[in-house]
Every structure is written in structure tokens, then in C-alpha cells.
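Structure file data.txt (compact mmCIF, C-alpha atoms and all ligand atoms) is printed below.
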```txt
# COMPACT_ATOMS: atom_id res chain seq x y z
CA MET I 22 3.92 -10.04 -7.34
CA LEU I 23 6.05 -10.69 -10.38
CA ALA I 24 9.61 -9.43 -9.95
CA ARG I 25 10.47 -7.19 -12.87
CA ALA I 26 13.70 -5.63 -14.10
CA HIS I 27 12.16 -2.14 -14.08
CA ASP I 28 11.16 -2.23 -10.40
CA THR I 29 13.84 0.22 -9.39
CA GLU I 30 13.46 2.57 -12.37
CA ASP I 31 12.24 6.10 -11.96
CA TRP I 32 8.66 6.69 -13.11
CA ARG I 33 9.73 9.52 -15.41
CA THR I 34 12.14 7.24 -17.24
CA LEU I 35 9.42 4.64 -17.64
CA LEU I 36 6.97 7.28 -18.85
CA ALA I 37 9.46 8.57 -21.41
CA SER I 38 10.21 5.08 -22.69
CA ALA I 39 6.57 4.14 -23.36
CA VAL I 40 5.91 2.42 -26.68
CA THR I 41 4.14 4.86 -29.00
CA ASP I 42 3.97 2.85 -32.21
CA ALA I 43 1.49 0.03 -32.77
CA ARG I 44 3.85 -1.94 -35.01
CA GLU I 45 6.58 -1.78 -32.40
CA LEU I 46 4.08 -2.94 -29.81
CA LEU I 47 3.20 -5.97 -31.92
CA ARG I 48 6.87 -6.64 -32.62
CA ARG I 49 7.63 -6.81 -28.91
CA LEU I 50 4.76 -9.25 -28.46
CA ASP I 51 5.88 -11.53 -31.34
CA LEU I 52 2.79 -10.56 -33.29
CA SER I 53 4.35 -8.77 -36.27
CA ASP I 54 3.30 -11.52 -38.66
CA HIS I 55 -0.14 -12.04 -37.16
CA PRO I 56 -3.21 -10.96 -39.20
CA LEU I 57 -3.80 -8.42 -36.40
CA ALA I 58 -0.93 -6.40 -37.89
CA THR I 59 -3.06 -5.72 -40.98
CA THR I 60 -5.85 -4.14 -38.91
CA LEU I 61 -3.85 -1.27 -37.43
CA GLN I 62 -4.91 2.32 -37.67
CA GLN I 63 -2.60 4.52 -39.73
CA GLY I 64 -1.47 7.67 -37.89
CA PRO I 65 -4.16 7.65 -35.20
CA SER I 66 -5.21 11.10 -33.95
CA PHE I 67 -5.28 9.55 -30.45
CA PRO I 68 -1.80 8.03 -30.51
CA VAL I 69 -0.72 4.73 -29.04
CA ARG I 70 1.00 4.98 -25.64
CA VAL I 71 1.93 1.90 -23.62
CA PRO I 72 4.41 2.01 -20.72
CA THR I 73 6.74 -0.95 -20.47
CA PRO I 74 5.57 -2.23 -17.04
CA TYR I 75 2.11 -2.66 -18.58
CA LEU I 76 3.54 -4.17 -21.74
CA ALA I 77 5.46 -6.68 -19.60
CA CYS I 78 2.15 -8.11 -18.36
CA MET I 79 0.84 -8.88 -21.83
CA ARG I 80 1.11 -12.43 -23.16
CA ARG I 81 3.50 -12.80 -26.05
CA GLY I 82 1.93 -14.25 -29.17
CA ASP I 83 -1.63 -13.69 -27.95
CA ALA I 84 -3.54 -11.40 -30.32
CA ASP I 85 -6.57 -11.52 -28.02
CA ASP I 86 -4.70 -10.47 -24.92
CA PRO I 87 -7.15 -8.33 -22.93
CA LEU I 88 -4.44 -5.83 -21.94
CA LEU I 89 -3.31 -5.45 -25.55
CA ARG I 90 -6.87 -4.92 -26.77
CA GLN I 91 -7.24 -1.92 -24.46
CA VAL I 92 -4.33 -0.04 -26.01
CA LEU I 93 -4.01 -1.16 -29.64
CA ALA I 94 -5.23 1.42 -32.19
CA VAL I 95 -7.15 -0.56 -34.80
CA ALA I 96 -8.60 0.71 -38.05
CA SER I 97 -12.18 0.05 -36.93
CA GLU I 98 -11.84 3.05 -34.59
CA GLU I 99 -12.21 5.24 -37.67
CA GLN I 100 -15.63 3.90 -38.59
CA SER I 101 -18.48 6.25 -37.90
CA VAL I 102 -21.10 4.47 -35.80
CA ALA I 103 -24.55 5.91 -35.12
CA GLY I 104 -24.94 7.03 -31.50
CA PHE I 105 -21.20 7.41 -30.89
CA GLY I 106 -19.90 11.00 -30.72
CA ILE I 107 -16.89 13.03 -29.68
CA ASP I 108 -18.41 14.36 -26.44
CA PRO I 109 -20.78 11.60 -25.27
CA LEU I 110 -21.29 13.12 -21.82
CA ASP I 111 -21.77 16.71 -23.02
CA GLU I 112 -18.84 17.87 -20.92
CA ALA I 113 -18.46 20.96 -23.08
CA GLY I 114 -21.71 22.15 -21.52
CA GLN I 115 -20.35 21.65 -17.98
CA ASN I 116 -16.97 23.30 -18.43
CA PRO I 117 -17.50 26.78 -16.92
CA LEU I 118 -13.81 27.67 -16.88
CA PRO I 119 -10.63 26.24 -18.42
CA GLY I 120 -9.60 23.21 -16.39
CA LEU I 121 -12.86 22.91 -14.44
CA LEU I 122 -15.87 20.62 -14.83
CA HIS I 123 -18.82 21.09 -12.52
CA LYS I 124 -21.31 18.32 -13.22
CA TYR I 125 -22.64 17.24 -9.87
CA GLN I 126 -23.78 18.90 -6.69
CA GLY I 127 -21.18 19.16 -3.95
CA ARG I 128 -18.17 18.16 -6.03
CA ALA I 129 -16.21 19.54 -8.94
CA LEU I 130 -13.48 18.18 -11.14
CA LEU I 131 -10.19 19.82 -12.00
CA ILE I 132 -8.39 18.79 -15.16
CA ALA I 133 -5.04 18.69 -13.42
CA ALA I 134 -3.09 17.43 -16.42
CA GLY I 135 -3.74 17.10 -20.12
CA GLY I 136 -2.02 13.78 -20.73
CA CYS I 137 -1.98 10.20 -19.53
CA ALA I 138 0.62 7.52 -18.99
CA VAL I 139 -1.38 5.10 -21.14
CA HIS I 140 -3.83 5.75 -23.94
CA CYS I 141 -6.91 3.61 -23.44
CA ARG I 142 -8.78 3.21 -26.70
CA TYR I 143 -12.19 3.26 -24.96
CA CYS I 144 -11.50 6.55 -23.18
CA PHE I 145 -14.54 8.85 -23.20
CA ARG I 146 -12.21 11.85 -23.15
CA ARG I 147 -10.16 10.74 -26.15
CA HIS I 148 -11.45 13.77 -28.07
CA PHE I 149 -11.49 16.17 -25.11
CA PRO I 150 -9.90 19.56 -25.94
CA TYR I 151 -7.08 19.29 -23.42
CA GLY I 152 -5.28 22.11 -25.20
CA ASP I 153 -8.05 24.47 -23.99
CA ASN I 154 -8.20 22.88 -20.54
CA ASN I 155 -4.63 22.62 -19.37
CA PRO I 156 -4.15 26.14 -18.11
CA GLY I 157 -1.09 25.73 -15.88
CA ARG I 158 -0.61 27.42 -12.49
CA ARG I 159 -1.58 30.98 -13.41
CA GLY I 160 -4.37 29.87 -15.67
CA LEU I 161 -5.89 27.78 -12.86
CA GLU I 162 -6.52 30.85 -10.72
CA PRO I 163 -10.04 31.45 -12.10
CA ALA I 164 -10.91 27.80 -11.42
CA LEU I 165 -9.58 28.09 -7.85
CA ASP I 166 -11.57 31.33 -7.40
CA TYR I 167 -14.66 29.48 -8.69
CA LEU I 168 -14.14 26.73 -6.11
CA ALA I 169 -13.68 29.32 -3.35
CA ALA I 170 -16.89 31.11 -4.37
CA HIS I 171 -19.00 27.94 -4.49
CA THR I 172 -19.23 27.09 -0.82
CA ASP I 173 -21.41 24.05 -1.51
CA ILE I 174 -18.47 22.23 -3.15
CA GLN I 175 -16.98 19.91 -0.54
CA GLU I 176 -15.02 17.54 -2.70
CA ILE I 177 -12.50 18.23 -5.40
CA ILE I 178 -11.74 15.52 -7.92
CA LEU I 179 -8.42 15.61 -9.71
CA SER I 180 -8.74 13.93 -13.03
CA GLY I 181 -7.48 14.47 -16.51
CA GLY I 182 -5.85 13.23 -18.39
CA ASP I 183 -4.27 11.70 -15.39
CA PRO I 184 -3.49 13.96 -12.41
CA LEU I 185 -0.41 11.89 -11.56
CA MET I 186 1.18 13.15 -14.77
CA LEU I 187 1.98 16.17 -12.58
CA ASP I 188 5.20 15.64 -10.70
CA ASP I 189 5.20 15.72 -6.91
CA ASP I 190 6.21 19.41 -6.81
CA ALA I 191 3.37 20.48 -9.08
CA LEU I 192 0.88 18.28 -7.28
CA GLY I 193 2.06 19.64 -3.92
CA TRP I 194 1.50 23.19 -5.14
CA LEU I 195 -2.01 22.36 -6.33
CA VAL I 196 -2.96 20.58 -3.11
CA ALA I 197 -1.67 23.56 -1.11
CA GLN I 198 -3.97 25.88 -3.10
CA LEU I 199 -6.93 23.58 -2.51
CA GLU I 200 -6.23 23.27 1.21
CA ARG I 201 -6.71 27.04 1.51
CA ILE I 202 -10.34 26.78 0.42
CA PRO I 203 -12.03 26.23 3.78
CA HIS I 204 -15.18 24.41 2.64
CA LEU I 205 -13.25 21.73 0.71
CA ARG I 206 -13.15 18.51 2.74
CA ARG I 207 -12.09 15.76 0.38
CA LEU I 208 -9.48 15.33 -2.32
CA ARG I 209 -10.27 12.54 -4.74
CA ILE I 210 -7.64 11.38 -7.21
CA HIS I 211 -8.78 9.39 -10.24
CA THR I 212 -5.83 7.66 -11.82
CA ARG I 213 -4.75 4.76 -13.97
CA PHE I 214 -1.11 5.82 -13.81
CA PRO I 215 -0.05 3.47 -10.95
CA VAL I 216 -1.72 0.56 -12.74
CA VAL I 217 0.61 0.98 -15.71
CA ILE I 218 3.65 2.45 -13.88
CA PRO I 219 3.43 1.49 -10.17
CA GLN I 220 6.70 3.38 -9.52
CA ARG I 221 4.63 6.60 -9.70
CA LEU I 222 3.56 6.01 -6.08
CA THR I 223 6.64 7.66 -4.62
CA GLY I 224 7.15 8.10 -0.90
CA ARG I 225 6.74 11.83 -1.40
CA LEU I 226 3.42 11.40 -3.14
CA VAL I 227 2.16 9.12 -0.38
CA ASP I 228 3.26 11.71 2.21
CA LEU I 229 1.46 14.43 0.30
CA LEU I 230 -1.81 12.51 0.20
CA ALA I 231 -1.52 11.37 3.81
CA ASN I 232 -0.52 14.73 5.31
CA THR I 233 -2.94 17.12 3.62
CA ARG I 234 -5.76 18.42 5.83
CA LEU I 235 -8.12 17.21 3.06
CA ARG I 236 -9.31 13.63 3.33
CA SER I 237 -7.62 11.88 0.40
CA VAL I 238 -9.33 9.17 -1.61
CA VAL I 239 -7.71 7.34 -4.53
CA VAL I 240 -9.81 5.75 -7.25
CA LEU I 241 -7.84 3.37 -9.45
CA HIS I 242 -8.94 2.19 -12.86
CA LEU I 243 -8.34 -1.54 -13.24
CA ASN I 244 -10.28 -3.41 -15.89
CA HIS I 245 -8.73 -6.86 -15.74
CA PRO I 246 -7.28 -9.00 -12.92
CA ARG I 247 -3.97 -9.38 -14.78
CA GLU I 248 -3.45 -5.64 -14.46
CA LEU I 249 -2.63 -6.33 -10.82
CA ASP I 250 0.52 -8.09 -12.06
CA THR I 251 2.24 -4.79 -12.94
CA GLY I 252 3.30 -4.48 -9.31
CA ILE I 253 0.53 -2.16 -8.18
CA ALA I 254 -0.54 -4.46 -5.34
CA ASP I 255 2.79 -3.87 -3.60
CA ALA I 256 3.04 -0.23 -4.63
CA ILE I 257 -0.22 0.67 -2.88
CA ILE I 258 0.77 -0.84 0.47
CA PRO I 259 2.11 2.51 1.78
CA LEU I 260 -1.20 4.16 0.87
CA ARG I 261 -3.07 1.45 2.74
CA GLN I 262 -0.74 1.80 5.72
CA ARG I 263 -1.47 5.53 5.85
CA GLY I 264 -5.21 4.91 5.88
CA ILE I 265 -6.01 6.27 2.43
CA PRO I 266 -9.14 4.63 1.02
CA LEU I 267 -8.62 2.90 -2.32
CA PHE I 268 -11.45 2.16 -4.72
CA ASN I 269 -11.59 0.62 -8.16
CA GLN I 270 -13.72 1.55 -11.09
CA SER I 271 -13.77 -0.46 -14.28
CA VAL I 272 -15.34 -0.14 -17.68
CA LEU I 273 -17.21 -3.14 -19.05
CA LEU I 274 -15.36 -3.84 -22.30
CA LYS I 275 -16.13 -6.40 -24.98
CA GLY I 276 -13.23 -8.78 -25.44
CA VAL I 277 -11.51 -7.54 -22.29
CA ASN I 278 -13.60 -8.29 -19.23
CA ASP I 279 -17.10 -9.20 -20.45
CA ASN I 280 -17.24 -12.59 -18.79
CA LEU I 281 -18.11 -13.77 -15.32
CA THR I 282 -14.78 -15.38 -14.48
CA THR I 283 -12.77 -12.26 -15.30
CA LEU I 284 -15.04 -9.86 -13.44
CA THR I 285 -15.27 -12.12 -10.39
CA GLU I 286 -11.48 -12.44 -10.26
CA LEU I 287 -11.05 -8.71 -10.73
CA CYS I 288 -13.28 -7.95 -7.75
CA GLU I 289 -11.78 -10.65 -5.54
CA LEU I 290 -8.13 -9.94 -6.35
CA SER I 291 -8.64 -6.18 -6.06
CA PHE I 292 -10.13 -6.65 -2.62
CA ASP I 293 -7.30 -9.00 -1.65
CA ALA I 294 -4.92 -6.17 -2.56
CA GLY I 295 -6.85 -3.69 -0.41
CA ILE I 296 -8.81 -2.02 -3.22
CA GLN I 297 -12.57 -1.81 -2.78
CA PRO I 298 -14.62 -2.57 -5.93
CA TYR I 299 -16.69 0.54 -6.57
CA TYR I 300 -18.09 1.01 -10.08
CA LEU I 301 -18.50 -1.09 -13.18
CA HIS I 302 -19.22 1.44 -15.91
CA LEU I 303 -21.10 0.77 -19.06
CA LEU I 304 -19.12 2.14 -21.98
CA ASP I 305 -19.57 5.81 -22.72
CA ARG I 306 -20.48 6.00 -26.40
CA VAL I 307 -17.44 7.86 -27.63
CA ALA I 308 -16.49 7.86 -31.31
CA GLY I 309 -13.79 5.26 -31.94
CA ALA I 310 -14.80 2.90 -29.14
CA ALA I 311 -17.87 1.18 -30.58
CA HIS I 312 -16.05 -2.14 -30.87
CA PHE I 313 -15.83 -2.27 -27.06
CA GLU I 314 -19.54 -1.97 -26.42
CA VAL I 315 -21.32 -4.82 -24.65
CA PRO I 316 -25.02 -4.76 -25.58
CA MET I 317 -27.26 -3.71 -22.71
CA ALA I 318 -29.09 -7.06 -22.45
CA ALA I 319 -25.80 -8.96 -22.24
CA ALA I 320 -24.36 -6.47 -19.74
CA ARG I 321 -27.33 -6.84 -17.44
CA GLN I 322 -27.31 -10.62 -17.69
CA LEU I 323 -23.61 -10.65 -16.83
CA TYR I 324 -24.16 -8.29 -13.91
CA ASP I 325 -26.98 -10.44 -12.56
CA ALA I 326 -24.60 -13.41 -12.58
CA LEU I 327 -21.85 -11.35 -10.93
CA ALA I 328 -24.22 -10.23 -8.20
CA ALA I 329 -25.10 -13.86 -7.54
CA ALA I 330 -21.43 -14.90 -7.47
CA LEU I 331 -20.09 -12.29 -5.06
CA PRO I 332 -20.91 -11.15 -1.54
CA GLY I 333 -22.48 -7.72 -1.59
CA TYR I 334 -19.38 -5.92 -0.34
CA LEU I 335 -17.37 -7.14 -3.34
CA LEU I 336 -19.97 -6.19 -5.94
CA PRO I 337 -19.26 -2.95 -7.83
CA ARG I 338 -22.27 -0.85 -8.77
CA LEU I 339 -23.20 -1.15 -12.43
CA VAL I 340 -23.56 2.43 -13.64
CA ARG I 341 -23.84 4.52 -16.72
CA GLU I 342 -23.49 8.24 -17.20
CA ARG I 343 -26.31 10.24 -18.71
CA PRO I 344 -25.68 13.88 -19.63
CA GLY I 345 -27.76 16.11 -17.39
CA ALA I 346 -28.42 13.46 -14.71
CA PRO I 347 -27.63 14.58 -11.14
CA GLY I 348 -25.28 11.61 -10.67
CA LYS I 349 -24.37 8.30 -12.18
CA VAL I 350 -27.37 6.14 -13.04
CA ALA I 351 -27.14 2.80 -11.18
CA LEU I 352 -28.64 -0.41 -12.57
CA ALA I 353 -29.61 -3.00 -9.97
CA PRO I 354 -29.53 -6.78 -10.53
CA ARG I 355 -32.84 -8.04 -11.91
CA TRP I 356 -33.38 -11.41 -10.35
CA GLU I 357 -36.75 -12.93 -10.96
CA ILE I 358 -38.08 -14.50 -7.79
CA SER I 359 -41.35 -16.32 -8.01
S1 LIG I 401 -5.91 6.79 -18.28
FE1 LIG I 401 -8.06 7.40 -18.09
S2 LIG I 401 -8.19 9.47 -18.96
FE2 LIG I 401 -6.25 8.52 -19.67
S3 LIG I 401 -6.69 7.55 -21.64
FE3 LIG I 401 -6.98 5.98 -20.06
S4 LIG I 401 -9.15 6.09 -19.54
FE4 LIG I 401 -8.65 8.00 -20.61
```
Could you rewrite the structure in this file as C-alpha cells?
Ligand code: SF4
Amino acid sequence: MLARAHDTEDWRTLLASAVTDARELLRRLDLSDHPLATTLQQGPSFPVRVPTPYLACMRRGDADDPLLRQVLAVASEEQSVAGFGIDPLDEAGQNPLPGLLHKYQGRALLIAAGGCAVHCRYCFRRHFPYGDNNPGRRGLEPALDYLAAHTDIQEIILSGGDPLMLDDDALGWLVAQLERIPHLRRLRIHTRFPVVIPQRLTGRLVDLLANTRLRSVVVLHLNHPRELDTGIADAIIPLRQRGIPLFNQSVLLKGVNDNLTTLTELCELSFDAGIQPYYLHLLDRVAGAAHFEVPMAAARQLYDALAAALPGYLLPRLVRERPGAPGKVALAPRWEIS
């Protein structure tokens, strides 16, 4: 792991000091005079947000840095592209109560927080009405009643936004409410927060996830092997030591990870760190993210090569989401064997 000056800083301080201006981001990367600076989006409705531990892993002077590409708001996001919309997964139709999404049988998703530590430009929820879905403790009561009434729901997924935007007190309160619902068995946390600010994995948070009667599962969102350089590999050791399963899901992103070397390294280095490769998502067609799309034929060709390069247990499942489908749609390798 790279030793970094911010290793001992509190996660809240690091969150508050995130870079929120694209020009400042380029300045810190010695790219102010690069032609890239003329492509920036003016006053993006989905603002720039880049925590400094993540910024520290970007290469100075490299306009094509795959970490930078994920967070830089460029003017092309404003172009209207056919097939790309503000709610590509029709989540508005699966949002029975503020803060609750119930898409799939047996599990439901709570919007635990309306913000994120980093703003990923490809995010399929970049237009999600968090203002209507961030109800706070009292406002969550109907969602908790809904979970209690639906006895077929066994797994609760905390997502967002990023659920680790809640502090440990707030998260502890929420987990205590969920523990009281007898048919809930698993607590799944989907988060990118520790990737960009590893300090978020406090001892208290680890205790909370390890001591709840619910079986905790953490799904991290790493898209590039260099994202392991933020310090997350060390930060997750206590989770591993407490027996909490760790998975990774990635999004296949043009110019970020759409090549065999990068994806192979991502799977191998994640596994070395104790994180099981899980999903490789095709991009959800959200307005503003068209420049990240890898055409289907190229995606499948790349996945075929990845499947040939890795042992089966390191191969994430290539999936896409289809509104109305009972689960994620998996795409198998298509080797031709004569
Ligand atoms: S952390 Fe996740 S939810 Fe937040 S902006 Fe990034 S992809 Fe979207």
C-alpha cells in the first residue's frame, strides 16, 4: 500500500475537503493548460466531487487517467443521445415508498443516504430524486413497516447515494431497526465510499457489521486496479478478519477499464486483497454517460477474452439490468468450439 499523508485523518474531514470544482481538479493534476480544460462542463447539475485520497492516486499530467475520467464533468455529458434517459432502469415505477425500492423477489433496497463521497459521471442514479427519497428517521417508518409486512423479504440492501454517508450513530440506529424485523436475514451494503476514503471503515463500523444478528455482506465498487492504491486493501483487513464477505462489482467503462489487461488485473488484485469479483455491469444508459458506453459486440468480445484469461472463480458475471426483469440478466462467454 502507498503510505499517504492523510492516513490518520478523520473521514469526515476528508469528505468535507473533497474537490468540487473541475478546474481545481485539473490544476492539482498539472492539467490546467491541457486541451482537456476546454472541454469542461459549465455548472454541472451533477456537481464534481472528488475526495483527496482518490485524487492522490491519479497520475499528474495524464489527461487520460482512468480515475480522472470517472469523475471529470465534461461538456459532452450535456448532449442528448438517443436511448439514454434520466431513469434508465425505471426505478420510479419500483419506488413504493420514500426511501424504498422493491425490484426483486426476496430483497429490497433502502436509500439510506442521499449523497455520495464521490460523484461518478456514469452513475445510473445521477438524476435520481434523492430529495424525495431521503426521508430521515421518522420518514423511514413507513418503509420499515413495509419491510415488516412483506415477510418474503429476507435481505435488505443499503444503497444510495452511499449508505456510508451516514455516520456510525445513524447507521447503528438503522441496523437496530432492521434487526427487529424477524424475517430479515442479511444486510447488504453497497458502497464506493471506502474506495475513495478508506478511513471510513472505522473500528466502530466494523463492530457494527460484525455484531449485528443479520449476516452482513459488503459489495464494493472498484472499476480499476489502481483504485486499490487508495489504501482500501489495508482498510478492509478488519472486515476480513471478522468474516464479513466482500464482493466487487464494476461497470465496464470506455476509456477506463475496457481492455483485457486492466480487467484481468482488477480481478486478480481484488482477489489478492480478499475481495471476490462478482459483477461486471454493462453501462446503464443514463443521460450524460453515453461517452462511457462500450458497444455490445466489443463488450462481449472482451468478456470472452477475460473468461479465457481467468480461472472461473476470478471471473465476474457480465450482467446488464433490464427494467421489469426478475433479476440481473447475465451474459455468458460465447466461445465457438468446433
Ligand atoms: S458512489 Fe455509486 S451511487 Fe454514488 S455517484 Fe458513484 S456510482 Fe453513483
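Once all atoms listed in the file are used for the distance check, the residues close to ligand LIG 401 (chain I) at 8 Å turn out to be Gly136, Cys137, Ala138, Val139, His140, Cys141, Arg142, Tyr143, Cys144, Phe145, Arg146, Arg147, Ser180, Gly181, Gly182, Asp183, Thr212, Arg213, Phe214 and His242 of chain I.
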Restrict the selected residues to C-alpha atoms and save them as a PDB file, in the coordinates of the input.
```pdb
ATOM      1  CA  GLY I 136      -2.020  13.780 -20.730  1.00  0.00           C
ATOM      2  CA  CYS I 137      -1.980  10.200 -19.530  1.00  0.00           C
ATOM      3  CA  ALA I 138       0.620   7.520 -18.990  1.00  0.00           C
ATOM      4  CA  VAL I 139      -1.380   5.100 -21.140  1.00  0.00           C
ATOM      5  CA  HIS I 140      -3.830   5.750 -23.940  1.00  0.00           C
ATOM      6  CA  CYS I 141      -6.910   3.610 -23.440  1.00  0.00           C
ATOM      7  CA  ARG I 142      -8.780   3.210 -26.700  1.00  0.00           C
ATOM      8  CA  TYR I 143     -12.190   3.260 -24.960  1.00  0.00           C
ATOM      9  CA  CYS I 144     -11.500   6.550 -23.180  1.00  0.00           C
ATOM     10  CA  PHE I 145     -14.540   8.850 -23.200  1.00  0.00           C
ATOM     11  CA  ARG I 146     -12.210  11.850 -23.150  1.00  0.00           C
ATOM     12  CA  ARG I 147     -10.160  10.740 -26.150  1.00  0.00           C
ATOM     13  CA  SER I 180      -8.740  13.930 -13.030  1.00  0.00           C
ATOM     14  CA  GLY I 181      -7.480  14.470 -16.510  1.00  0.00           C
ATOM     15  CA  GLY I 182      -5.850  13.230 -18.390  1.00  0.00           C
ATOM     16  CA  ASP I 183      -4.270  11.700 -15.390  1.00  0.00           C
ATOM     17  CA  THR I 212      -5.830   7.660 -11.820  1.00  0.00           C
ATOM     18  CA  ARG I 213      -4.750   4.760 -13.970  1.00  0.00           C
ATOM     19  CA  PHE I 214      -1.110   5.820 -13.810  1.00  0.00           C
ATOM     20  CA  HIS I 242      -8.940   2.190 -12.860  1.00  0.00           C
TER      21      HIS I 242
END
```
- Task: Could you jot down the atom CA of I:Asp190 to atom CA of I:Leu229 separation for me, Å, one decimal place?
- Result: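 Straight-line distance from atom CA of I:Asp190 to atom CA of I:Leu229 works out to 9.9 Å.
Those residues positioned at most 6 Å from (-5.2, 19.2, -16.0) are Gly120, Ile132, Ala133, Ala134, Gly135, Asn155 and Gly181 of chain I, judged using all atoms listed in the file.
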- Query: At what distance in Å, to one decimal, does atom CA of I:Ala39 lie from atom CA of I:Leu57?
  - Reply: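 So the answer is 20.9 Å.
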Centre and edges of the stretch 252-259 of chain I box, axis-aligned, 4 Å extra per side, as JSON:
```
{"center_x": 1.4, "center_y": -1.0, "center_z": -3.8, "size_x": 11.8, "size_y": 15.0, "size_z": 19.1}
```
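Summary of the local environment: counting all atoms listed in the file, residues at most 7 Å from stretch 157-168 of chain I, other than itself and those fewer than 3 positions away along its chain, are Leu118, Gly120, Leu121, His171 and Ile174 of chain I.
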If I only have part of stretch 274-298 of chain I, can you fill in N, CA and C atoms and write it as an mmCIF file, in the coordinates of the input?
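Final file, rebuild-v5.cif:
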```cif
data_model
loop_
_atom_site.group_PDB
_atom_site.id
_atom_site.type_symbol
_atom_site.label_atom_id
_atom_site.label_comp_id
_atom_site.auth_asym_id
_atom_site.auth_seq_id
_atom_site.Cartn_x
_atom_site.Cartn_y
_atom_site.Cartn_z
ATOM 1 N N LEU I 274 -15.927 -3.943 -20.960
ATOM 2 C CA LEU I 274 -15.360 -3.840 -22.300
ATOM 3 C C LEU I 274 -15.425 -5.188 -23.014
ATOM 4 N N LYS I 275 -16.029 -5.175 -24.171
ATOM 5 C CA LYS I 275 -16.130 -6.400 -24.980
ATOM 6 C C LYS I 275 -14.729 -6.904 -25.319
ATOM 7 N N GLY I 276 -14.527 -8.178 -25.104
ATOM 8 C CA GLY I 276 -13.230 -8.780 -25.440
ATOM 9 C C GLY I 276 -12.152 -8.541 -24.410
ATOM 10 N N VAL I 277 -12.502 -7.830 -23.338
ATOM 11 C CA VAL I 277 -11.510 -7.540 -22.290
ATOM 12 C C VAL I 277 -11.954 -8.164 -20.963
ATOM 13 N N ASN I 278 -13.159 -7.824 -20.545
ATOM 14 C CA ASN I 278 -13.600 -8.290 -19.230
ATOM 15 C C ASN I 278 -15.084 -8.668 -19.222
ATOM 16 N N ASP I 279 -15.659 -8.938 -20.391
ATOM 17 C CA ASP I 279 -17.100 -9.200 -20.450
ATOM 18 C C ASP I 279 -17.418 -10.671 -20.231
ATOM 19 N N ASN I 280 -16.856 -11.229 -19.169
ATOM 20 C CA ASN I 280 -17.240 -12.590 -18.790
ATOM 21 C C ASN I 280 -17.155 -12.726 -17.277
ATOM 22 N N LEU I 281 -17.924 -13.657 -16.773
ATOM 23 C CA LEU I 281 -18.110 -13.770 -15.320
ATOM 24 C C LEU I 281 -16.811 -14.095 -14.599
ATOM 25 N N THR I 282 -16.017 -14.984 -15.159
ATOM 26 C CA THR I 282 -14.780 -15.380 -14.480
ATOM 27 C C THR I 282 -13.855 -14.187 -14.303
ATOM 28 N N THR I 283 -13.688 -13.411 -15.354
ATOM 29 C CA THR I 283 -12.770 -12.260 -15.300
ATOM 30 C C THR I 283 -13.268 -11.221 -14.295
ATOM 31 N N LEU I 284 -14.538 -10.900 -14.345
ATOM 32 C CA LEU I 284 -15.040 -9.860 -13.440
ATOM 33 C C LEU I 284 -15.001 -10.327 -11.984
ATOM 34 N N THR I 285 -15.313 -11.594 -11.761
ATOM 35 C CA THR I 285 -15.270 -12.120 -10.390
ATOM 36 C C THR I 285 -13.841 -12.044 -9.857
ATOM 37 N N GLU I 286 -12.901 -12.485 -10.687
ATOM 38 C CA GLU I 286 -11.480 -12.440 -10.260
ATOM 39 C C GLU I 286 -11.025 -11.008 -10.029
ATOM 40 N N LEU I 287 -11.449 -10.109 -10.891
ATOM 41 C CA LEU I 287 -11.050 -8.710 -10.730
ATOM 42 C C LEU I 287 -11.512 -8.177 -9.376
ATOM 43 N N CYS I 288 -12.746 -8.456 -9.028
ATOM 44 C CA CYS I 288 -13.280 -7.950 -7.750
ATOM 45 C C CYS I 288 -12.564 -8.631 -6.586
ATOM 46 N N GLU I 289 -12.377 -9.933 -6.667
ATOM 47 C CA GLU I 289 -11.780 -10.650 -5.540
ATOM 48 C C GLU I 289 -10.302 -10.287 -5.365
ATOM 49 N N LEU I 290 -9.570 -10.242 -6.467
ATOM 50 C CA LEU I 290 -8.130 -9.940 -6.350
ATOM 51 C C LEU I 290 -7.908 -8.474 -5.978
ATOM 52 N N SER I 291 -8.753 -7.587 -6.462
ATOM 53 C CA SER I 291 -8.640 -6.180 -6.060
ATOM 54 C C SER I 291 -8.832 -6.063 -4.556
ATOM 55 N N PHE I 292 -9.858 -6.727 -4.068
ATOM 56 C CA PHE I 292 -10.130 -6.650 -2.620
ATOM 57 C C PHE I 292 -8.988 -7.267 -1.823
ATOM 58 N N ASP I 293 -8.452 -8.387 -2.319
ATOM 59 C CA ASP I 293 -7.300 -9.000 -1.650
ATOM 60 C C ASP I 293 -6.152 -7.993 -1.526
ATOM 61 N N ALA I 294 -6.018 -7.150 -2.543
ATOM 62 C CA ALA I 294 -4.920 -6.170 -2.560
ATOM 63 C C ALA I 294 -5.257 -4.917 -1.751
ATOM 64 N N GLY I 295 -6.479 -4.851 -1.220
ATOM 65 C CA GLY I 295 -6.850 -3.690 -0.410
ATOM 66 C C GLY I 295 -7.571 -2.604 -1.202
ATOM 67 N N ILE I 296 -8.093 -2.976 -2.356
ATOM 68 C CA ILE I 296 -8.810 -2.020 -3.220
ATOM 69 C C ILE I 296 -10.287 -2.420 -3.238
ATOM 70 N N GLN I 297 -11.143 -1.503 -2.863
ATOM 71 C CA GLN I 297 -12.570 -1.810 -2.780
ATOM 72 C C GLN I 297 -13.232 -1.669 -4.151
ATOM 73 N N PRO I 298 -13.847 -2.735 -4.688
ATOM 74 C CA PRO I 298 -14.620 -2.570 -5.930
ATOM 75 C C PRO I 298 -15.706 -1.505 -5.742
#
```
